[in-house]
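**Q** My structure is stored as final-v2.txt, with compact mmCIF, C-alpha atoms (C1' of nucleotides).
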# COMPACT_ATOMS: atom_id res chain seq x y z
CA MET F 1 24.33 -12.32 -30.60
CA ARG F 2 23.91 -15.15 -28.17
CA TYR F 3 26.51 -13.46 -26.04
CA LYS F 4 24.75 -10.14 -26.08
CA THR F 5 21.40 -11.70 -25.32
CA GLY F 6 22.83 -13.50 -22.31
CA TYR F 7 24.32 -10.30 -20.98
CA LYS F 8 21.10 -8.41 -21.35
CA GLU F 9 19.11 -11.07 -19.56
CA GLN F 10 21.56 -11.13 -16.70
CA ARG F 11 21.48 -7.34 -16.44
CA ARG F 12 17.71 -7.43 -16.42
CA LYS F 13 17.74 -9.84 -13.51
CA GLU F 14 20.06 -7.54 -11.61
CA LEU F 15 17.76 -4.59 -12.24
CA LEU F 16 14.76 -6.63 -11.07
CA HIS F 17 16.59 -7.72 -7.94
CA ILE F 18 17.64 -4.22 -6.86
CA SER F 19 14.38 -2.58 -7.92
CA GLY F 20 12.48 -5.23 -6.00
CA GLN F 21 14.27 -4.35 -2.78
CA ILE F 22 13.56 -0.65 -3.17
CA ALA F 23 9.93 -1.21 -4.15
CA LYS F 24 9.33 -3.43 -1.14
CA LYS F 25 10.90 -0.85 1.16
CA ASN F 26 9.57 2.45 -0.20
CA GLY F 27 6.64 1.38 -2.36
CA PHE F 28 6.61 0.94 -6.12
CA ALA F 29 4.43 3.88 -7.17
CA ALA F 30 6.22 6.17 -4.73
CA THR F 31 9.60 5.43 -6.33
CA GLY F 32 10.67 7.11 -9.56
CA ILE F 33 12.39 5.34 -12.44
CA ASP F 34 15.37 7.57 -11.75
CA ALA F 35 15.68 6.23 -8.20
CA PHE F 36 15.34 2.61 -9.33
CA MET F 37 18.10 3.01 -11.89
CA LYS F 38 20.40 5.09 -9.71
CA ALA F 39 20.42 2.25 -7.19
CA SER F 40 21.62 -0.03 -9.97
CA GLY F 41 24.30 2.43 -11.05
CA VAL F 42 22.75 3.52 -14.33
CA THR F 43 20.66 6.46 -15.52
CA SER F 44 16.98 6.58 -16.33
CA GLY F 45 17.76 6.67 -20.05
CA ALA F 46 19.06 3.10 -19.90
CA PHE F 47 15.85 1.91 -18.28
CA TYR F 48 13.89 1.76 -21.53
CA SER F 49 16.28 -0.67 -23.20
CA HIS F 50 15.18 -3.21 -20.59
CA PHE F 51 11.55 -2.37 -19.92
CA SER F 52 8.89 -0.81 -22.12
CA SER F 53 7.30 1.21 -19.30
CA LYS F 54 7.22 1.59 -15.54
CA ASN F 55 4.21 -0.71 -15.40
CA ASP F 56 6.17 -3.31 -17.34
CA LEU F 57 8.81 -3.16 -14.62
CA PHE F 58 6.16 -3.63 -11.95
CA LYS F 59 4.86 -6.76 -13.60
CA ALA F 60 8.31 -8.29 -14.09
CA LEU F 61 9.39 -7.32 -10.59
CA LEU F 62 6.31 -8.90 -9.02
CA GLU F 63 6.84 -12.18 -10.87
CA ASN F 64 10.47 -12.25 -9.82
CA GLU F 65 9.71 -11.50 -6.19
CA LEU F 66 6.91 -14.05 -6.00
CA GLN F 67 9.26 -16.66 -7.38
CA ASN F 68 11.74 -15.78 -4.65
CA SER F 69 9.11 -16.28 -1.95
CA ILE F 70 7.96 -19.55 -3.48
CA GLN F 71 11.55 -20.71 -3.63
CA MET F 72 11.96 -20.06 0.09
CA TRP F 73 8.84 -22.06 0.90
CA GLN F 74 10.13 -24.90 -1.24
CA ASP F 75 13.50 -24.77 0.45
CA ASN F 76 11.96 -25.34 3.87
CA PRO F 77 13.95 -28.42 4.97
CA PHE F 78 11.08 -30.20 6.75
CA GLU F 79 8.57 -32.58 5.22
CA ASP F 80 6.58 -33.38 8.35
CA ALA F 81 3.54 -31.08 8.41
CA GLU F 82 3.98 -29.86 11.97
CA GLN F 83 7.67 -29.14 11.60
CA TRP F 84 7.21 -27.54 8.20
CA ILE F 85 4.69 -25.00 9.44
CA GLU F 86 6.57 -24.35 12.67
CA PHE F 87 9.67 -23.50 10.65
CA GLU F 88 7.71 -21.27 8.31
CA LEU F 89 5.95 -19.38 11.10
CA ASN F 90 9.21 -18.70 12.91
CA ARG F 91 10.85 -17.44 9.76
CA TYR F 92 7.95 -15.38 8.43
CA LEU F 93 6.57 -13.97 11.68
CA SER F 94 9.88 -12.58 12.90
CA LEU F 95 10.77 -9.07 14.02
CA SER F 96 13.55 -9.07 11.46
CA HIS F 97 11.01 -9.66 8.67
CA VAL F 98 8.91 -6.78 9.98
CA GLU F 99 11.80 -4.36 10.13
CA ARG F 100 13.59 -5.24 6.91
CA PRO F 101 10.94 -5.22 4.18
CA ALA F 102 13.56 -4.83 1.44
CA TYR F 103 14.76 -8.37 2.11
CA GLY F 104 11.39 -9.88 2.98
CA CYS F 105 8.40 -11.38 1.21
CA VAL F 106 6.76 -9.33 -1.51
CA LEU F 107 3.21 -10.14 -0.40
CA PRO F 108 2.88 -7.87 2.64
CA ALA F 109 4.99 -5.20 0.95
CA LEU F 110 3.22 -4.78 -2.37
CA ALA F 111 -0.15 -6.55 -2.20
CA SER F 112 -1.94 -3.24 -1.63
CA GLU F 113 -0.46 -1.83 -4.82
CA VAL F 114 -1.46 -4.94 -6.74
CA ALA F 115 -4.97 -4.43 -5.40
CA ARG F 116 -5.05 -1.04 -7.18
CA SER F 117 -3.55 -2.20 -10.46
CA ASP F 118 -5.24 -3.37 -13.65
CA LEU F 119 -6.81 -6.77 -14.24
CA GLN F 120 -4.02 -8.08 -16.43
CA LEU F 121 -1.43 -7.58 -13.72
CA LYS F 122 -3.70 -9.16 -11.13
CA GLN F 123 -4.00 -12.23 -13.35
CA THR F 124 -0.23 -12.61 -13.61
CA TYR F 125 0.06 -12.09 -9.87
CA GLN F 126 -2.69 -14.56 -9.09
CA ALA F 127 -1.14 -17.28 -11.23
CA GLU F 128 2.16 -17.07 -9.33
CA LEU F 129 0.44 -16.73 -5.98
CA MET F 130 -1.52 -19.93 -6.57
CA ARG F 131 1.75 -21.78 -7.07
CA GLY F 132 2.80 -20.61 -3.59
CA GLN F 133 -0.56 -21.53 -2.14
CA GLN F 134 -0.19 -25.07 -3.51
CA ILE F 135 2.91 -25.53 -1.38
CA PHE F 136 1.01 -24.54 1.76
CA LYS F 137 -1.86 -26.81 0.71
CA HIS F 138 0.54 -29.73 0.35
CA HIS F 139 1.67 -29.37 3.95
CA LEU F 140 -1.53 -28.16 5.60
CA GLY F 141 -3.85 -30.62 3.92
CA SER F 142 -6.51 -28.33 2.55
CA GLU F 143 -7.00 -25.55 0.03
CA GLU F 144 -8.86 -23.44 2.59
CA LYS F 145 -6.28 -23.68 5.34
CA ALA F 146 -3.57 -22.74 2.89
CA TRP F 147 -5.36 -19.50 1.94
CA ALA F 148 -6.28 -18.64 5.51
CA VAL F 149 -2.74 -19.13 6.79
CA LEU F 150 -1.34 -17.00 3.96
CA CYS F 151 -3.80 -14.25 4.86
CA GLN F 152 -2.80 -14.45 8.50
CA LEU F 153 0.90 -14.21 7.62
CA ILE F 154 0.61 -11.13 5.44
CA GLY F 155 -1.94 -9.49 7.75
CA ALA F 156 0.37 -9.89 10.73
CA ILE F 157 3.39 -8.43 8.95
CA ILE F 158 1.43 -5.45 7.62
CA MET F 159 -0.12 -4.81 11.02
CA ALA F 160 3.21 -5.03 12.83
CA ARG F 161 4.84 -2.68 10.31
CA SER F 162 2.24 0.00 10.95
CA ILE F 163 2.78 -0.09 14.72
CA ALA F 164 5.13 2.24 16.60
CA ASP F 165 5.86 0.24 19.74
CA GLU F 166 8.44 -2.52 19.46
CA ASN F 167 6.92 -4.73 22.15
CA LEU F 168 3.51 -4.51 20.58
CA LYS F 169 4.94 -5.60 17.22
CA GLN F 170 6.23 -8.74 18.89
CA THR F 171 2.89 -9.33 20.61
CA ILE F 172 1.14 -9.18 17.26
CA LEU F 173 3.55 -11.67 15.69
CA THR F 174 3.29 -14.06 18.63
CA SER F 175 -0.49 -13.81 18.69
CA SER F 176 -0.75 -14.65 15.00
CA LYS F 177 1.54 -17.62 15.37
CA ALA F 178 -0.51 -18.89 18.31
CA LEU F 179 -3.77 -18.58 16.41
CA ILE F 180 -2.48 -20.55 13.44
CA LEU F 181 -1.01 -23.29 15.61
CA SER F 182 -4.11 -23.64 17.78
CA CYS F 183 -6.24 -23.94 14.68
CA LEU F 184 -4.08 -26.56 13.02
CA GLU F 185 -3.99 -28.66 16.18
CA THR F 186 -7.71 -29.26 15.97
CA VAL F 187 -7.18 -31.68 13.10
CA ALA F 188 -3.77 -33.07 14.04
CA MET S 1 -16.70 33.90 15.76
CA ARG S 2 -18.31 30.88 17.35
CA TYR S 3 -20.42 30.59 14.24
CA LYS S 4 -17.50 30.74 11.88
CA THR S 5 -15.56 28.20 13.93
CA GLY S 6 -18.47 25.80 13.81
CA TYR S 7 -18.71 26.13 10.06
CA LYS S 8 -15.05 25.53 9.57
CA GLU S 9 -15.09 22.43 11.74
CA GLN S 10 -18.03 21.03 9.85
CA ARG S 11 -16.37 21.75 6.52
CA ARG S 12 -13.22 20.05 7.74
CA LYS S 13 -15.22 16.94 8.60
CA GLU S 14 -16.73 16.93 5.13
CA LEU S 15 -13.28 17.20 3.58
CA LEU S 16 -12.03 14.35 5.75
CA HIS S 17 -14.99 12.20 4.84
CA ILE S 18 -14.64 12.63 1.07
CA SER S 19 -10.84 12.52 1.10
CA GLY S 20 -11.00 9.34 3.15
CA GLN S 21 -13.10 7.61 0.53
CA ILE S 22 -10.73 8.57 -2.27
CA ALA S 23 -7.62 7.66 -0.28
CA LYS S 24 -9.02 4.24 0.57
CA LYS S 25 -9.88 3.63 -3.06
CA ASN S 26 -6.87 5.04 -4.93
CA GLY S 27 -4.23 5.32 -2.23
CA PHE S 28 -3.27 8.42 -0.29
CA ALA S 29 0.20 9.11 -1.71
CA ALA S 30 -1.02 8.39 -5.24
CA THR S 31 -3.72 11.08 -4.98
CA GLY S 32 -2.91 14.76 -5.41
CA ILE S 33 -4.29 17.53 -3.23
CA ASP S 34 -6.01 18.84 -6.33
CA ALA S 35 -7.93 15.57 -6.74
CA PHE S 36 -8.92 15.46 -3.08
CA MET S 37 -10.30 19.00 -3.20
CA LYS S 38 -11.95 18.68 -6.60
CA ALA S 39 -14.01 15.79 -5.20
CA SER S 40 -15.20 18.12 -2.46
CA GLY S 41 -16.04 20.87 -4.93
CA VAL S 42 -13.25 23.29 -4.04
CA THR S 43 -9.82 24.12 -5.44
CA SER S 44 -6.43 23.21 -4.08
CA GLY S 45 -5.91 26.77 -2.85
CA ALA S 46 -8.65 26.30 -0.25
CA PHE S 47 -6.98 23.19 1.09
CA TYR S 48 -4.40 25.07 3.14
CA SER S 49 -6.98 26.95 5.18
CA HIS S 50 -7.98 23.57 6.63
CA PHE S 51 -4.74 21.61 6.74
CA SER S 52 -1.15 22.71 7.14
CA SER S 53 0.24 20.13 4.72
CA LYS S 54 -0.64 16.94 2.87
CA ASN S 55 0.83 14.90 5.68
CA ASP S 56 -1.39 16.77 8.13
CA LEU S 57 -4.38 15.64 6.07
CA PHE S 58 -3.16 12.05 6.18
CA LYS S 59 -2.96 12.11 9.95
CA ALA S 60 -6.39 13.66 10.40
CA LEU S 61 -7.94 11.38 7.80
CA LEU S 62 -6.53 8.26 9.45
CA GLU S 63 -7.87 9.25 12.86
CA ASN S 64 -11.27 9.95 11.38
CA GLU S 65 -11.40 6.68 9.46
CA LEU S 66 -10.24 4.62 12.42
CA GLN S 67 -12.97 6.19 14.52
CA ASN S 68 -15.50 5.17 11.89
CA SER S 69 -14.32 1.55 12.00
CA ILE S 70 -14.35 1.53 15.78
CA GLN S 71 -17.84 2.95 15.76
CA MET S 72 -19.04 0.11 13.53
CA TRP S 73 -17.54 -2.48 15.85
CA GLN S 74 -19.25 -0.79 18.80
CA ASP S 75 -22.55 -0.71 16.95
CA ASN S 76 -22.54 -4.47 16.50
CA PRO S 77 -25.93 -5.33 18.09
CA PHE S 78 -24.85 -8.58 19.75
CA GLU S 79 -23.33 -8.98 23.20
CA ASP S 80 -22.95 -12.76 23.20
CA ALA S 81 -19.38 -13.57 22.11
CA GLU S 82 -20.29 -16.12 19.45
CA GLN S 83 -22.99 -13.98 17.87
CA TRP S 84 -20.85 -10.85 18.05
CA ILE S 85 -17.95 -12.39 16.12
CA GLU S 86 -20.24 -14.16 13.66
CA PHE S 87 -21.86 -10.84 12.82
CA GLU S 88 -18.48 -9.14 12.47
CA LEU S 89 -17.03 -11.83 10.23
CA ASN S 90 -20.01 -11.76 7.91
CA ARG S 91 -19.87 -8.01 7.62
CA TYR S 92 -16.11 -7.63 7.29
CA LEU S 93 -15.31 -10.66 5.15
CA SER S 94 -17.83 -9.88 2.43
CA LEU S 95 -17.35 -9.52 -1.32
CA SER S 96 -18.92 -6.10 -1.08
CA HIS S 97 -16.20 -5.01 1.34
CA VAL S 98 -13.54 -6.34 -1.02
CA GLU S 99 -14.95 -4.57 -4.04
CA ARG S 100 -15.86 -1.23 -2.50
CA PRO S 101 -12.79 -0.05 -0.59
CA ALA S 102 -13.99 3.55 -0.58
CA TYR S 103 -16.78 2.61 1.80
CA GLY S 104 -14.88 -0.04 3.77
CA CYS S 105 -12.51 -0.22 6.71
CA VAL S 106 -9.37 1.90 6.58
CA LEU S 107 -7.08 -0.83 7.89
CA PRO S 108 -6.72 -3.00 4.78
CA ALA S 109 -6.80 0.06 2.55
CA LEU S 110 -4.10 2.24 4.09
CA ALA S 111 -2.11 0.15 6.58
CA SER S 112 0.70 -0.30 4.05
CA GLU S 113 1.05 3.46 3.70
CA VAL S 114 1.09 3.87 7.46
CA ALA S 115 3.88 1.29 7.55
CA ARG S 116 6.00 3.64 5.41
CA SER S 117 5.23 6.83 7.30
CA ASP S 118 7.08 8.53 10.14
CA LEU S 119 7.07 7.46 13.77
CA GLN S 120 4.80 10.26 14.95
CA LEU S 121 2.02 9.20 12.61
CA LYS S 122 2.43 5.55 13.58
CA GLN S 123 1.99 6.55 17.22
CA THR S 124 -1.27 8.35 16.52
CA TYR S 125 -2.42 5.41 14.42
CA GLN S 126 -1.44 2.88 17.07
CA ALA S 127 -3.32 4.72 19.81
CA GLU S 128 -6.58 4.61 17.85
CA LEU S 129 -5.99 1.04 16.69
CA MET S 130 -5.60 -0.12 20.28
CA ARG S 131 -9.03 1.27 21.08
CA GLY S 132 -10.44 -0.94 18.32
CA GLN S 133 -8.47 -3.91 19.53
CA GLN S 134 -9.96 -3.47 23.01
CA ILE S 135 -13.40 -4.04 21.58
CA PHE S 136 -12.32 -7.33 20.04
CA LYS S 137 -10.60 -8.27 23.28
CA HIS S 138 -13.81 -7.64 25.20
CA HIS S 139 -15.69 -10.14 23.05
CA LEU S 140 -12.95 -12.67 22.32
CA GLY S 141 -11.60 -12.89 25.85
CA SER S 142 -7.91 -12.31 25.24
CA GLU S 143 -5.50 -9.67 24.05
CA GLU S 144 -3.77 -12.14 21.76
CA LYS S 145 -6.88 -13.42 20.03
CA ALA S 146 -8.00 -9.86 19.41
CA TRP S 147 -4.77 -9.02 17.57
CA ALA S 148 -4.68 -12.27 15.65
CA VAL S 149 -8.26 -11.92 14.45
CA LEU S 150 -7.64 -8.33 13.37
CA CYS S 151 -4.60 -9.50 11.38
CA GLN S 152 -6.64 -12.23 9.74
CA LEU S 153 -9.38 -9.78 8.78
CA ILE S 154 -7.13 -7.25 7.12
CA GLY S 155 -4.94 -9.94 5.53
CA ALA S 156 -7.98 -11.57 3.94
CA ILE S 157 -9.32 -8.33 2.50
CA ILE S 158 -5.93 -7.30 1.09
CA MET S 159 -5.39 -10.75 -0.39
CA ALA S 160 -8.84 -10.87 -1.97
CA ARG S 161 -8.40 -7.38 -3.44
CA SER S 162 -5.21 -8.41 -5.21
CA ILE S 163 -6.85 -11.43 -6.86
CA ALA S 164 -8.36 -11.40 -10.34
CA ASP S 165 -10.83 -14.27 -10.15
CA GLU S 166 -14.16 -13.58 -8.46
CA ASN S 167 -14.67 -17.13 -7.21
CA LEU S 168 -11.23 -17.26 -5.71
CA LYS S 169 -11.90 -14.01 -3.83
CA GLN S 170 -14.88 -15.68 -2.21
CA THR S 171 -12.87 -18.79 -1.40
CA ILE S 172 -10.32 -16.67 0.40
CA LEU S 173 -12.97 -14.88 2.44
CA THR S 174 -14.71 -18.12 3.36
CA SER S 175 -11.44 -19.79 4.28
CA SER S 176 -10.48 -16.95 6.60
CA LYS S 177 -13.83 -17.01 8.30
CA ALA S 178 -13.56 -20.77 8.81
CA LEU S 179 -10.10 -20.50 10.31
CA ILE S 180 -11.17 -17.88 12.83
CA LEU S 181 -14.28 -19.78 13.85
CA SER S 182 -12.49 -23.10 14.19
CA CYS S 183 -9.87 -21.45 16.37
CA LEU S 184 -12.36 -19.75 18.67
CA GLU S 185 -14.32 -22.97 19.12
CA THR S 186 -11.37 -24.61 20.86
CA VAL S 187 -12.02 -22.54 23.96
CA ALA S 188 -15.78 -22.16 23.72
C1' DG K 1 -12.66 30.94 3.06
C1' DT K 2 -12.18 30.42 -1.59
C1' DC K 3 -10.55 31.76 -5.86
C1' DT K 4 -6.76 32.25 -9.75
C1' DA K 5 -2.03 32.36 -10.81
C1' DT K 6 2.28 30.79 -10.22
C1' DA K 7 6.64 29.15 -8.38
C1' DG K 8 9.88 25.26 -8.10
C1' DG K 9 10.57 20.51 -8.19
C1' DC K 10 9.81 15.93 -9.59
C1' DT K 11 7.86 12.39 -12.92
C1' DG K 12 7.55 9.18 -17.09
C1' DA K 13 9.10 9.00 -21.43
C1' DT K 14 11.76 10.24 -25.87
C1' DA K 15 15.77 11.73 -29.07
C1' DG K 16 20.29 11.69 -30.50
C1' DA K 17 25.50 11.26 -29.49
C1' DC K 18 28.81 7.71 -28.45
C1' DG I 1 23.46 -0.37 -24.07
C1' DT I 2 24.26 3.71 -21.84
C1' DC I 3 24.79 8.40 -21.67
C1' DT I 4 23.07 13.56 -21.60
C1' DA I 5 19.54 16.67 -22.72
C1' DT I 6 14.97 17.67 -22.94
C1' DC I 7 9.85 17.77 -23.15
C1' DA I 8 5.32 17.96 -21.25
C1' DG I 9 2.76 17.06 -17.34
C1' DC I 10 1.87 16.68 -12.54
C1' DC I 11 2.98 17.61 -7.78
C1' DT I 12 3.08 20.49 -3.13
C1' DA I 13 2.89 24.81 -1.57
C1' DT I 14 2.46 29.98 -1.58
C1' DA I 15 0.75 34.90 -2.84
C1' DG I 16 -2.62 38.09 -3.62
C1' DA I 17 -7.48 39.44 -5.27
C1' DC I 18 -12.20 39.15 -3.71
Go ahead and render the structure in this file as structure tokens.
**A**
Amino acid sequence: MRYKTGYKEQRRKELLHISGQIAKKNGFAATGIDAFMKASGVTSGAFYSHFSSKNDLFKALLENELQNSIQMWQDNPFEDAEQWIEFELNRYLSLSHVERPAYGCVLPALASEVARSDLQLKQTYQAELMRGQQIFKHHLGSEEKAWAVLCQLIGAIIMARSIADENLKQTILTSSKALILSCLETVA
Amino acid sequence: MRYKTGYKEQRRKELLHISGQIAKKNGFAATGIDAFMKASGVTSGAFYSHFSSKNDLFKALLENELQNSIQMWQDNPFEDAEQWIEFELNRYLSLSHVERPAYGCVLPALASEVARSDLQLKQTYQAELMRGQQIFKHHLGSEEKAWAVLCQLIGAIIMARSIADENLKQTILTSSKALILSCLETVA
DNA sequence: GTCTATAGGCTGATAGAC
DNA sequence: GTCTATCAGCCTATAGAC
């Protein structure tokens, strides 16, 4: 029984990982259960032995993805405030992040769908998000700056993704980075 | 014939107006043609005498909504840079804007769906968006600041809309406003 | 221009064989 | 746990009456 439980949990993590990539790329609501499962090599019938409903998948997938993003922020190798944020801006505000949503942060990809979901899901989402915000607070020095910088990051990625011209995408990323840096300098 | 054309154009504008509100609130892809038309008091059969497809509606609706947002930025009564941006921040970064997406700016509501649409639609969207950005540039003094502030605005609204706690929503809005103001002061 | 009716496809979810 | 088969509902789009 222990053995079976371990297998199931591992399988569930695989399903969350693959489904997360597809949801970030194509949207969660826009993707059918069939498509999620096909990408994992199983049929839609198997889905319900892992999740009770599509909304249940959304909740689990969001938690998993948020934990991934938080992990990346924690793995930033710098402790010095200036270096930490510089590293994070370069990683987050990159053209590669804009063009490969499947492998990027969940926030710019699915925040709009969270905004239209029920209160219970928002509460789960908020709890995880606040853990991420605490990391930014630790390095930026204030609660407010942490929120504002997070907003700038996701706003820039969403904006750049909705733009057609490649050069303009880069301008938007560079402009956002410059604004954050110029603001943080005022207290350095 | 002139008469009939005028009627049809007016009707089309009404359809765009109502459909825009619903799309901003519930999402465009998530809403069926039937629901869009029912809100306007007609059936889905009538839809195709105004638009050639659902995607055609999306394009027209985006243009219309972007023009509305641009109009509001143009109608800002202040010319002085500091007053102009102060007015815009208070209007845009308000709890009422967060909680009533149907009557708010199209950018935070539908940018994620634009990000997943085809190149042609992104080009139309980009062209209108650049007109809006020019207004911000005129008052903020630089291309880059205009983009960065726009990113901050839409990021803050999206973030606040995905949060459960009312107080935290307000904290996010206030933090974003503070970041923008502190950044613009450095060159004032 | 709008209506009703309908085609054809996709969706979330369930039942039963293995 | 996964499969196939299936249901009931919704979707976009079209056809024909008025």
**Q** Could you give me, as JSON lines, every chain I residue with an atom at most 10 Å from chain S, plus its closest atom pair and distance in Å to one decimal, counting only C-alpha atoms (C1' of nucleotides), rows ordered by chain then number?
**A**
{"residue": "I:DC10", "atom": "C1'", "partner": "S:Gly32", "partner_atom": "CA", "distance": 8.8}
{"residue": "I:DC11", "atom": "C1'", "partner": "S:Gly32", "partner_atom": "CA", "distance": 7.0}
{"residue": "I:DT12", "atom": "C1'", "partner": "S:Lys54", "partner_atom": "CA", "distance": 7.9}
{"residue": "I:DA13", "atom": "C1'", "partner": "S:Ser53", "partner_atom": "CA", "distance": 8.3}
{"residue": "I:DT14", "atom": "C1'", "partner": "S:Gly45", "partner_atom": "CA", "distance": 9.1}
**Q** Restricted to C-alpha atoms (C1' of nucleotides), what would the selected residues look like written as an mmCIF file, in the coordinates of the input?
**A**
data_model
loop_
_atom_site.group_PDB
_atom_site.id
_atom_site.type_symbol
_atom_site.label_atom_id
_atom_site.label_comp_id
_atom_site.auth_asym_id
_atom_site.auth_seq_id
_atom_site.Cartn_x
_atom_site.Cartn_y
_atom_site.Cartn_z
ATOM 1 C "C1'" DC I 10 1.870 16.680 -12.540
ATOM 2 C "C1'" DC I 11 2.980 17.610 -7.780
ATOM 3 C "C1'" DT I 12 3.080 20.490 -3.130
ATOM 4 C "C1'" DA I 13 2.890 24.810 -1.570
ATOM 5 C "C1'" DT I 14 2.460 29.980 -1.580
#
**Q** Which residues come within 12 Å of DA5 of chain I, counting only C-alpha atoms (C1' of nucleotides), excluding same-chain residues fewer than 4 positions away, as a PyMOL selection string?
**A** (chain F and resi 45) or (chain K and resi 14-17)
**Q** Please find the residues of chain S near chain F - the criterion being any atom within 6 Å, counting all atoms listed in the file - and write them as a list in words.
**A**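 Every residue meeting the condition is included here: Val114, Ala115, Lys122, Gln123, Gln126, Glu144, Trp147, Ala148, Cys151, Gln152, Ile154, Gly155, Ala156, Arg161, Ser162, Ile163, Ala164, Ile172, Ser175, Ser176 and Cys183 of chain S.
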**Q** Rounded to one decimal place, report the atom CA of Trp84 of chain F-atom CA of Arg131 of chain F distance in Å.
**A**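 These two atoms are separated by 17.2 Å.
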**Q** Could you tell me how far atom CA of Phe136 of chain S sits from atom CA of Pro77 of chain S, in Å to one decimal place?
**A** 13.9 Å
**Q** What does the structure give for the distance between atom C1' of DA5 of chain K and atom CA of Thr43 of chain S, in Å to one decimal?
**A**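 So the answer is 12.5 Å.
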**Q** Between F:Lys24, F:Lys38, F:Arg91, F:His50, which residue has the minimum interatomic distance to Arg12 of chain F, considering all atoms listed in the file?
**A** F:His50
**Q** Using all atoms listed in the file, which of the listed residues (S:Ser49, S:Gln134, S:Gln21, S:Ser96) sits closest to chain K?
**A**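 Closest candidate: S:Ser49.
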**Q** Pull out every residue of chain K sitting within 10 Å of chain F, counting all atoms listed in the file, and send them as JSON, numbers by chain.
**A** {"K": [10, 11, 12, 13, 14]}
**Q** Please identify all polymer residues within 10 Å of segment 39-42 of chain F, counting all atoms listed in the file, omitting same-chain residues fewer than 2 positions from it, and present them as JSON, numbers by chain.
**A** {"F": [11, 14, 15, 16, 17, 18, 19, 22, 34, 35, 36, 37, 44, 45, 46, 47], "I": [2, 3]}
**Q** Write to file, as an mmCIF file, keeping the file's coordinate frame, the residues of the selection just made, with C-alpha atoms (C1' of nucleotides).
**A**
data_model
loop_
_atom_site.group_PDB
_atom_site.id
_atom_site.type_symbol
_atom_site.label_atom_id
_atom_site.label_comp_id
_atom_site.auth_asym_id
_atom_site.auth_seq_id
_atom_site.Cartn_x
_atom_site.Cartn_y
_atom_site.Cartn_z
ATOM 1 C CA ARG F 11 21.480 -7.340 -16.440
ATOM 2 C CA GLU F 14 20.060 -7.540 -11.610
ATOM 3 C CA LEU F 15 17.760 -4.590 -12.240
ATOM 4 C CA LEU F 16 14.760 -6.630 -11.070
ATOM 5 C CA HIS F 17 16.590 -7.720 -7.940
ATOM 6 C CA ILE F 18 17.640 -4.220 -6.860
ATOM 7 C CA SER F 19 14.380 -2.580 -7.920
ATOM 8 C CA ILE F 22 13.560 -0.650 -3.170
ATOM 9 C CA ASP F 34 15.370 7.570 -11.750
ATOM 10 C CA ALA F 35 15.680 6.230 -8.200
ATOM 11 C CA PHE F 36 15.340 2.610 -9.330
ATOM 12 C CA MET F 37 18.100 3.010 -11.890
ATOM 13 C CA SER F 44 16.980 6.580 -16.330
ATOM 14 C CA GLY F 45 17.760 6.670 -20.050
ATOM 15 C CA ALA F 46 19.060 3.100 -19.900
ATOM 16 C CA PHE F 47 15.850 1.910 -18.280
ATOM 17 C "C1'" DT I 2 24.260 3.710 -21.840
ATOM 18 C "C1'" DC I 3 24.790 8.400 -21.670
#
**Q** Nearest to Phe58 of chain S among S:Ala23, S:Gly141, S:Met130, S:Tyr103, with distances taken over all atoms listed in the file: which residue is it?
**A**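 Closest residue, counting all atoms listed in the file: S:Ala23.
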**Q** Counting all atoms listed in the file, write as an mmCIF file with C-alpha atoms (C1' of nucleotides), keeping the file's coordinate frame all protein and nucleic acid residues lying at most 7 Å from (-14.0, 36.1, -1.0) in the file's frame.
**A**
data_model
loop_
_atom_site.group_PDB
_atom_site.id
_atom_site.type_symbol
_atom_site.label_atom_id
_atom_site.label_comp_id
_atom_site.auth_asym_id
_atom_site.auth_seq_id
_atom_site.Cartn_x
_atom_site.Cartn_y
_atom_site.Cartn_z
ATOM 1 C "C1'" DG K 1 -12.660 30.940 3.060
ATOM 2 C "C1'" DT K 2 -12.180 30.420 -1.590
ATOM 3 C "C1'" DC I 18 -12.200 39.150 -3.710
#
**Q** Which residues are close to Ile70 of chain S, i.e. within 12 Å by all atoms listed in the file, leaving aside same-chain residues fewer than 4 positions away? Reply as a count of residues only.
**A** 20
